[in-house]
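Undergrad: This is the structure I want to talk about, given as structure tokens.
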Amino acid sequence: MAPSLEVPDNVQDVLSNPLKAAPKLVAPEPEHCPGPESETAGQADSCAGCPNQAICASAPKGPDPDIPIITARLSAIKHKVLILSGKGGVGKSTFTSLLAHAFATNDNNTVGIMDTDICGPSIPKMMGVETETIHVSGAGWSPVWVLENLAVMSVQFMLPNRDDAVIWRGPKKNGLIKQFLKDVEWGEMDFLLVDTPPGTSDEHLSVNSFLKESGVDGAVVVTTPQEVALLDVRKEIDFCRKAGIKVLGIVENMSGFVCPNCTHESQIFQATTGGGRALAKEMNVPFLGAVPLDPRICMAADYGESFFDSWPDSPACTALKSVVRRVIISCDDSGGANDNLEGSVHATKIATSGEMMIKLPVDFERGTQGCKVSSQDPLKTSPSMKDPRGTLA
Ligand code: SF4
């Protein structure tokens with residue numbers, strides 16, 4: 001019989017307190033042991049003479065005392081959004097950087113990105129601040145400011161050399177994520193985007209437990225159209241539901257390829273089972289839109305530039321603007337995670353983001369066509385910038 005992989009731990013217990021770990025005992029628990037994770041471990045009468053007593057007595061107990069500090073530190077951030085993907089290589093970090101640039105095009109917004117991909121921090125490169133370092137002051141760690149209203153925090157800023165590998169086990173990763181939340185001087189912000197590594201592991205559990213009291217608007221799940229990617233998205237959505245995280249919606253990335261020269265569209269990753277749109281329907285979550293593959297997005301990321309500024313008229317930019325509008329609507333929609341926005345053609349929604357109010361006719365089938373954008377539009381695009389490399393115009 002194949003060995004069972006069933007986890008004996010209570011799922012809710014793991015989700016609500018992922019950092020609780022049984023102390024490593026040097027001897028078996030005696031008969032009257034109150035439990036090495038209990039409040040009285042190492043201090044109860046029955047612990048007297050037990051070889052584990054010192055270990056159990058010093059093991060952390062009770063609620064994490066740093067949670068209230070994190071909650072206070074993040075209290076001036078209006079929206080906190082997680083960016084998740086079930087699988088690696090679907091463009092999650094790229095999407096995070098695009099979303100941040102999109103929000104930051106409105107000077108009234110202040111946006112932060114917290115890069116929790118400890119072993120593969122790619123956000124600094126995409127934002128053009130790879131060689132920056134963190135400054136520490138009495139108020140905390142200063143994030144690196146890409147623009148006057150766009151800040152980034154990543155482990156990349158702490159590496160002695162750009163190509164140094166971060167080879168850390170779970171507890172150390174959890175510790176750094178906690179410091180990103182507790183010690184970084186985020187200040188007043190409209191959006192904090194938390195870019196996570198693929199899957200449902202230590203980093204996700206930590207972020208979820210640390211932000212539980214601060215309040216998370218929800219998660220945007222990024223996928224590609226093929227079933228191999230969608231398989232993992234189902235698990236990601238299941239994780240969100242078990243962890244009590246609202247799913248703001250699914251974004252289908254690399255959805256077709258639009259040739260920058262002839263604008264012909266071809267499908268690189270075939271949606272054999274209906275792609276992200278069908279999955280959103282199946283899982284009863286909003287479908288935020290499909291973004292085509294565009295080599296200029298990769299090029300903008302490599303050069304650390306804003307794709308929105310560089311190619312504002314490209315099909316991918318149009319699709320991304322549409323997705324970003326829906327993210328804002330999902331953030332502010334009091335209807336909750338199970339509102340499937342698919343099909344709300346020509347509906348009018350009002351999305352408020354703090355002082356920012358956007359009234360737009362939402363046309364989910366036709367992208368941004370027909371969207372009337374107010375002067376406070378968060379997607380106010382900068383003037384077109386010429387391709388500095390002279391390629392892929
Ligand atoms: S010290 Fe106490 S809690 Fe720890 S193993 Fe011994 S009896 Fe159990």
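Chain lettering (A, B, ...) mirrors the order of the structure tokens, residue numbering begins at 1 for each chain separately, and ligand numbering begins at 1 in order of display.
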Identify, on the basis of only C-alpha atoms, every residue whose closest approach to range 71-75 of chain A does not exceed 7 Å; exclude the query and any residue fewer than 4 positions from it along the same chain; express the result as a list in words.
TA: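 Counting only the stated atoms, we get Ile67, Lys182, Glu213 and Ser214 of chain A.
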Undergrad: Keeping C-alpha atoms for every residue in the selection just given, could you write it to a file as a compact mmCIF listing (two decimals), in the first residue's frame?
TA:
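Output file result24.txt is given in full below:
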# COMPACT_ATOMS: atom_id res chain seq x y z
CA ILE A 67 0.74 40.75 15.72
CA LYS A 182 6.78 44.90 11.54
CA GLU A 213 -5.79 41.29 12.24
CA SER A 214 -4.65 44.00 9.81
Undergrad: Taking 4 positions as the minimum chain separation for residues in the same chain, which residues sit within 12 Å of range 260-262 of chain A when counting only C-alpha atoms? Answer as number ranges by chain.
TA: A: 266, 292-297, 311, 313-316, 391-393
Undergrad: Can you spit out the residues from that selection as a tab-separated table (two decimals), in the first residue's frame, using N, CA and C atoms?
TA:
chain	number	residue	atom	x	y	z
A	266	SER	N	-2.21	34.44	-31.98
A	266	SER	CA	-2.13	32.97	-31.98
A	266	SER	C	-2.08	32.48	-30.53
A	292	PRO	N	-2.76	39.20	-23.03
A	292	PRO	CA	-1.99	38.45	-24.03
A	292	PRO	C	-0.49	38.51	-23.77
A	293	LEU	N	0.19	37.51	-24.31
A	293	LEU	CA	1.66	37.52	-24.27
A	293	LEU	C	2.15	38.68	-25.12
A	294	ASP	N	3.11	39.39	-24.60
A	294	ASP	CA	3.68	40.47	-25.40
A	294	ASP	C	5.16	40.57	-25.00
A	295	PRO	N	6.07	40.31	-25.94
A	295	PRO	CA	7.50	40.34	-25.59
A	295	PRO	C	7.94	41.68	-25.03
A	296	ARG	N	7.18	42.74	-25.29
A	296	ARG	CA	7.57	44.05	-24.78
A	296	ARG	C	7.36	44.16	-23.28
A	297	ILE	N	6.43	43.32	-22.74
A	297	ILE	CA	6.26	43.29	-21.28
A	297	ILE	C	7.55	42.77	-20.64
A	311	TRP	N	4.43	51.45	-23.69
A	311	TRP	CA	3.56	51.04	-24.80
A	311	TRP	C	2.09	51.14	-24.40
A	313	ASP	N	-0.50	51.99	-25.95
A	313	ASP	CA	-1.53	51.64	-26.94
A	313	ASP	C	-1.50	50.18	-27.35
A	314	SER	N	-0.67	49.36	-26.71
A	314	SER	CA	-0.57	47.95	-27.10
A	314	SER	C	-1.80	47.18	-26.61
A	315	PRO	N	-2.14	46.05	-27.27
A	315	PRO	CA	-3.28	45.25	-26.81
A	315	PRO	C	-3.10	44.76	-25.38
A	316	ALA	N	-1.86	44.41	-25.01
A	316	ALA	CA	-1.63	43.93	-23.64
A	316	ALA	C	-1.90	45.03	-22.63
A	391	THR	N	13.81	48.35	-30.87
A	391	THR	CA	13.34	47.06	-31.37
A	391	THR	C	11.90	46.87	-30.96
A	392	LEU	N	11.23	45.93	-31.60
A	392	LEU	CA	9.86	45.55	-31.24
A	392	LEU	C	8.95	46.77	-31.13
A	393	ALA	N	9.14	47.72	-32.00
A	393	ALA	CA	8.34	48.95	-31.93
A	393	ALA	C	6.89	48.63	-32.14
Undergrad: At a cut-off of 6 Å and counting only C-alpha atoms and all ligand atoms, what residues surround ligand 1? Please answer as an NGL selection string.
TA: :A and (29-30 or 33-36 or 41-42 or 46-47 or 50 or 52-53 or 56)
Undergrad: Go ahead and dump the residues you just picked, N, CA and C atoms, as a short mmCIF file (atom, residue, chain, number, x, y, z; two decimals), in the first residue's frame.
TA:
data_model
loop_
_atom_site.label_atom_id
_atom_site.label_comp_id
_atom_site.auth_asym_id
_atom_site.auth_seq_id
_atom_site.Cartn_x
_atom_site.Cartn_y
_atom_site.Cartn_z
N GLU A 29 7.97 11.89 25.76
CA GLU A 29 7.11 12.58 26.74
C GLU A 29 6.69 11.58 27.81
N PRO A 30 6.84 11.94 29.09
CA PRO A 30 6.43 10.99 30.15
C PRO A 30 4.90 10.87 30.25
N CYS A 33 2.61 13.99 31.06
CA CYS A 33 3.04 15.20 30.32
C CYS A 33 1.82 16.07 29.98
N PRO A 34 1.85 17.37 30.32
CA PRO A 34 0.71 18.24 29.97
C PRO A 34 0.70 18.63 28.48
N GLY A 35 1.75 18.25 27.75
CA GLY A 35 1.84 18.58 26.32
C GLY A 35 2.94 19.60 26.09
N PRO A 36 3.93 19.28 25.25
CA PRO A 36 5.05 20.21 25.05
C PRO A 36 4.64 21.55 24.46
N ALA A 41 3.74 23.87 29.75
CA ALA A 41 4.86 22.99 29.39
C ALA A 41 6.14 23.43 30.08
N GLY A 42 6.79 22.50 30.71
CA GLY A 42 8.07 22.78 31.37
C GLY A 42 7.91 23.40 32.75
N SER A 46 4.21 18.06 36.99
CA SER A 46 4.56 16.79 36.36
C SER A 46 5.82 16.91 35.47
N CYS A 47 6.27 18.13 35.25
CA CYS A 47 7.46 18.33 34.41
C CYS A 47 8.75 18.17 35.23
N CYS A 50 11.85 15.97 34.34
CA CYS A 50 11.78 15.53 32.92
C CYS A 50 13.00 16.07 32.17
N ASN A 52 13.25 16.98 29.29
CA ASN A 52 12.85 18.01 28.31
C ASN A 52 12.50 19.35 28.96
N GLN A 53 12.59 19.44 30.26
CA GLN A 53 12.00 20.57 30.98
C GLN A 53 12.50 21.93 30.47
N CYS A 56 11.08 22.68 26.94
CA CYS A 56 9.64 23.00 26.94
C CYS A 56 9.38 24.36 27.60
#
Undergrad: Let's see if you can do this: from backbone DSSP, list all alpha helix (DSSP H) residues in range 112-360 of chain A, as a compact mmCIF listing (two decimals) with N, CA and C atoms, in the first residue's frame.
TA:
# COMPACT_ATOMS: atom_id res chain seq x y z
N ILE A 123 11.17 41.12 -8.13
CA ILE A 123 10.52 42.44 -8.19
C ILE A 123 11.54 43.59 -8.32
N PRO A 124 12.64 43.60 -7.54
CA PRO A 124 13.58 44.74 -7.67
C PRO A 124 14.10 44.91 -9.09
N LYS A 125 14.41 43.80 -9.76
CA LYS A 125 14.89 43.90 -11.14
C LYS A 125 13.80 44.50 -12.04
N MET A 126 12.58 44.01 -11.88
CA MET A 126 11.48 44.48 -12.72
C MET A 126 11.16 45.96 -12.47
N GLY A 170 12.19 27.27 6.40
CA GLY A 170 10.94 27.98 6.69
C GLY A 170 11.00 29.01 7.80
N PRO A 171 11.49 28.65 9.02
CA PRO A 171 11.43 29.60 10.13
C PRO A 171 12.18 30.90 9.84
N LYS A 172 13.29 30.81 9.11
CA LYS A 172 14.05 32.02 8.82
C LYS A 172 13.29 32.89 7.81
N LYS A 173 12.66 32.24 6.84
CA LYS A 173 11.83 32.99 5.88
C LYS A 173 10.69 33.69 6.62
N ASN A 174 10.06 32.94 7.51
CA ASN A 174 8.94 33.53 8.27
C ASN A 174 9.40 34.75 9.06
N GLY A 175 10.62 34.65 9.63
CA GLY A 175 11.16 35.75 10.42
C GLY A 175 11.36 37.00 9.58
N LEU A 176 11.85 36.82 8.36
CA LEU A 176 12.09 38.00 7.52
C LEU A 176 10.76 38.62 7.06
N ILE A 177 9.80 37.76 6.74
CA ILE A 177 8.49 38.29 6.33
C ILE A 177 7.88 39.10 7.48
N LYS A 178 8.05 38.58 8.67
CA LYS A 178 7.53 39.33 9.83
C LYS A 178 8.22 40.68 9.95
N GLN A 179 9.54 40.70 9.70
CA GLN A 179 10.26 41.99 9.78
C GLN A 179 9.80 42.95 8.68
N PHE A 180 9.51 42.42 7.50
CA PHE A 180 9.00 43.27 6.42
C PHE A 180 7.70 43.97 6.84
N LEU A 181 6.91 43.27 7.66
CA LEU A 181 5.63 43.85 8.08
C LEU A 181 5.78 44.69 9.34
N LYS A 182 6.67 44.26 10.21
CA LYS A 182 6.78 44.90 11.54
C LYS A 182 7.76 46.07 11.54
N ASP A 202 5.18 27.95 3.43
CA ASP A 202 5.53 28.76 4.60
C ASP A 202 5.20 30.24 4.43
N GLU A 203 5.62 30.79 3.28
CA GLU A 203 5.45 32.23 3.07
C GLU A 203 3.98 32.62 3.11
N HIS A 204 3.13 31.79 2.49
CA HIS A 204 1.69 32.09 2.43
C HIS A 204 1.06 31.99 3.81
N LEU A 205 1.46 30.94 4.54
CA LEU A 205 0.92 30.77 5.89
C LEU A 205 1.33 31.94 6.79
N SER A 206 2.60 32.35 6.64
CA SER A 206 3.09 33.46 7.47
C SER A 206 2.34 34.75 7.17
N VAL A 207 2.27 35.09 5.88
CA VAL A 207 1.59 36.34 5.49
C VAL A 207 0.16 36.31 5.99
N ASN A 208 -0.49 35.17 5.82
CA ASN A 208 -1.89 35.07 6.23
C ASN A 208 -2.04 35.27 7.73
N SER A 209 -1.16 34.64 8.50
CA SER A 209 -1.32 34.76 9.96
C SER A 209 -0.90 36.15 10.45
N PHE A 210 0.15 36.73 9.87
CA PHE A 210 0.59 38.05 10.32
C PHE A 210 -0.41 39.15 9.96
N LEU A 211 -1.11 38.96 8.83
CA LEU A 211 -2.02 40.02 8.37
C LEU A 211 -3.47 39.80 8.81
N GLU A 227 -4.39 23.57 -18.72
CA GLU A 227 -4.91 22.83 -17.58
C GLU A 227 -3.84 22.55 -16.52
N VAL A 228 -2.59 22.35 -16.94
CA VAL A 228 -1.51 22.07 -15.98
C VAL A 228 -1.39 23.22 -14.97
N ALA A 229 -1.59 24.43 -15.43
CA ALA A 229 -1.54 25.58 -14.51
C ALA A 229 -2.83 25.69 -13.71
N LEU A 230 -3.96 25.42 -14.36
CA LEU A 230 -5.24 25.56 -13.68
C LEU A 230 -5.40 24.58 -12.52
N LEU A 231 -4.78 23.40 -12.68
CA LEU A 231 -4.83 22.38 -11.62
C LEU A 231 -4.36 22.99 -10.30
N ASP A 232 -3.26 23.71 -10.38
CA ASP A 232 -2.70 24.30 -9.16
C ASP A 232 -3.49 25.51 -8.69
N VAL A 233 -4.17 26.18 -9.61
CA VAL A 233 -5.00 27.33 -9.21
C VAL A 233 -6.16 26.85 -8.34
N ARG A 234 -6.70 25.69 -8.66
CA ARG A 234 -7.79 25.14 -7.83
C ARG A 234 -7.30 24.97 -6.39
N LYS A 235 -6.08 24.48 -6.25
CA LYS A 235 -5.51 24.28 -4.90
C LYS A 235 -5.32 25.64 -4.21
N GLU A 236 -4.89 26.62 -4.98
CA GLU A 236 -4.65 27.96 -4.41
C GLU A 236 -5.97 28.55 -3.91
N ILE A 237 -7.02 28.38 -4.68
CA ILE A 237 -8.33 28.91 -4.28
C ILE A 237 -8.84 28.16 -3.05
N ASP A 238 -8.57 26.85 -3.02
CA ASP A 238 -8.96 26.06 -1.85
C ASP A 238 -8.22 26.57 -0.61
N PHE A 239 -6.94 26.88 -0.79
CA PHE A 239 -6.14 27.44 0.32
C PHE A 239 -6.78 28.74 0.81
N CYS A 240 -7.11 29.62 -0.15
CA CYS A 240 -7.70 30.91 0.23
C CYS A 240 -8.99 30.71 1.02
N ARG A 241 -9.79 29.78 0.57
CA ARG A 241 -11.08 29.56 1.26
C ARG A 241 -10.85 29.04 2.67
N LYS A 242 -9.90 28.09 2.80
CA LYS A 242 -9.64 27.54 4.14
C LYS A 242 -9.02 28.60 5.04
N ALA A 243 -8.23 29.50 4.45
CA ALA A 243 -7.56 30.52 5.25
C ALA A 243 -8.43 31.76 5.44
N GLY A 275 -9.66 27.37 -19.91
CA GLY A 275 -8.81 28.43 -19.37
C GLY A 275 -9.34 29.05 -18.09
N GLY A 276 -8.79 30.22 -17.78
CA GLY A 276 -9.12 30.90 -16.52
C GLY A 276 -10.57 31.30 -16.44
N ARG A 277 -11.16 31.64 -17.59
CA ARG A 277 -12.56 32.09 -17.59
C ARG A 277 -13.49 30.97 -17.11
N ALA A 278 -13.27 29.74 -17.66
CA ALA A 278 -14.11 28.61 -17.27
C ALA A 278 -13.84 28.23 -15.82
N LEU A 279 -12.58 28.32 -15.41
CA LEU A 279 -12.25 27.97 -14.03
C LEU A 279 -12.92 28.93 -13.05
N ALA A 280 -12.92 30.22 -13.40
CA ALA A 280 -13.56 31.21 -12.52
C ALA A 280 -15.04 30.87 -12.33
N LYS A 281 -15.66 30.47 -13.42
CA LYS A 281 -17.09 30.10 -13.35
C LYS A 281 -17.26 28.88 -12.46
N GLU A 282 -16.39 27.89 -12.71
CA GLU A 282 -16.46 26.63 -11.94
C GLU A 282 -16.24 26.88 -10.45
N MET A 283 -15.29 27.76 -10.11
CA MET A 283 -14.96 27.99 -8.71
C MET A 283 -15.79 29.13 -8.11
N PRO A 295 6.07 40.31 -25.94
CA PRO A 295 7.50 40.34 -25.59
C PRO A 295 7.94 41.68 -25.03
N ARG A 296 7.18 42.74 -25.29
CA ARG A 296 7.57 44.05 -24.78
C ARG A 296 7.36 44.16 -23.28
N ILE A 297 6.43 43.32 -22.74
CA ILE A 297 6.26 43.29 -21.28
C ILE A 297 7.55 42.77 -20.64
N CYS A 298 8.10 41.69 -21.23
CA CYS A 298 9.35 41.10 -20.69
C CYS A 298 10.48 42.11 -20.82
N MET A 299 10.50 42.82 -21.93
CA MET A 299 11.57 43.77 -22.16
C MET A 299 11.48 44.93 -21.15
N ALA A 300 10.27 45.40 -20.92
CA ALA A 300 10.09 46.47 -19.93
C ALA A 300 10.55 46.00 -18.56
N ALA A 301 10.24 44.72 -18.22
CA ALA A 301 10.66 44.17 -16.92
C ALA A 301 12.18 44.07 -16.85
N ASP A 302 12.81 43.64 -17.92
CA ASP A 302 14.27 43.51 -17.93
C ASP A 302 14.95 44.87 -17.76
N PHE A 307 5.69 49.32 -18.28
CA PHE A 307 5.10 48.96 -19.57
C PHE A 307 3.98 49.92 -19.95
N PHE A 308 3.28 50.42 -18.95
CA PHE A 308 2.16 51.35 -19.22
C PHE A 308 2.66 52.64 -19.85
N ASP A 309 3.83 53.09 -19.39
CA ASP A 309 4.39 54.32 -19.95
C ASP A 309 4.98 54.06 -21.33
N SER A 310 5.60 52.90 -21.50
CA SER A 310 6.33 52.63 -22.73
C SER A 310 5.43 52.30 -23.91
N PRO A 315 -2.14 46.05 -27.27
CA PRO A 315 -3.28 45.25 -26.81
C PRO A 315 -3.10 44.76 -25.38
N ALA A 316 -1.86 44.41 -25.01
CA ALA A 316 -1.63 43.93 -23.64
C ALA A 316 -1.90 45.03 -22.63
N CYS A 317 -1.53 46.26 -22.98
CA CYS A 317 -1.75 47.39 -22.07
C CYS A 317 -3.25 47.63 -21.89
N THR A 318 -3.99 47.56 -23.00
CA THR A 318 -5.44 47.73 -22.92
C THR A 318 -6.06 46.68 -22.02
N ALA A 319 -5.61 45.42 -22.20
CA ALA A 319 -6.15 44.32 -21.39
C ALA A 319 -5.79 44.51 -19.92
N LEU A 320 -4.56 44.94 -19.66
CA LEU A 320 -4.12 45.13 -18.28
C LEU A 320 -4.91 46.23 -17.59
N LYS A 321 -5.19 47.31 -18.32
CA LYS A 321 -5.97 48.40 -17.73
C LYS A 321 -7.34 47.88 -17.29
N SER A 322 -7.90 47.04 -18.14
CA SER A 322 -9.21 46.48 -17.83
C SER A 322 -9.14 45.62 -16.56
N VAL A 323 -8.06 44.80 -16.48
CA VAL A 323 -7.89 43.94 -15.30
C VAL A 323 -7.73 44.79 -14.04
N VAL A 324 -6.93 45.84 -14.14
CA VAL A 324 -6.67 46.68 -12.96
C VAL A 324 -7.97 47.33 -12.47
N ARG A 325 -8.80 47.78 -13.40
CA ARG A 325 -10.08 48.38 -13.00
C ARG A 325 -10.91 47.36 -12.20
N ARG A 326 -10.89 46.13 -12.69
CA ARG A 326 -11.69 45.11 -11.98
C ARG A 326 -11.10 44.76 -10.62
N VAL A 327 -9.77 44.82 -10.51
CA VAL A 327 -9.15 44.59 -9.19
C VAL A 327 -9.63 45.66 -8.22
N ILE A 328 -9.66 46.90 -8.68
CA ILE A 328 -10.12 48.00 -7.80
C ILE A 328 -11.57 47.77 -7.41
N ILE A 329 -12.37 47.38 -8.38
CA ILE A 329 -13.79 47.14 -8.08
C ILE A 329 -13.93 45.98 -7.10
N SER A 330 -13.15 44.92 -7.31
CA SER A 330 -13.22 43.76 -6.41
C SER A 330 -12.79 44.14 -5.01
N CYS A 331 -11.76 45.01 -4.91
CA CYS A 331 -11.27 45.45 -3.59
C CYS A 331 -12.39 46.15 -2.83
N ASP A 332 -13.15 46.94 -3.55
CA ASP A 332 -14.15 47.78 -2.89
C ASP A 332 -15.55 47.18 -2.90
Undergrad: Mind listing the strand (DSSP E or B) residues of range 119-329 of chain A, per DSSP on the backbone, as a ChimeraX atom specification?
TA: /A:135-137,140-142,144-147,150-153,184,189-195,218-223,247-252,257-258,265-266,287-290,293
Undergrad: Excluding range 94-104 of chain A and residues on its chain fewer than 4 positions from it, collect all residues at most 7 Å away from it, counting only C-alpha atoms, and give them as a list in words.
TA: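 In the requested form, the answer reads Ile83, Asn109, Thr110, Val111, Ile123, Met126, Met127, Asn149, Leu150, Asp195, Ser306, Phe308, Val324, Pro378 and Leu379 of chain A.
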Undergrad: Between CA of Thr273 in chain A and CA of Gly89 in chain A, what distance in Å does the model show, to one decimal?
TA: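 For CA of Thr273 in chain A relative to CA of Gly89 in chain A, the distance reads 19.4 Å.
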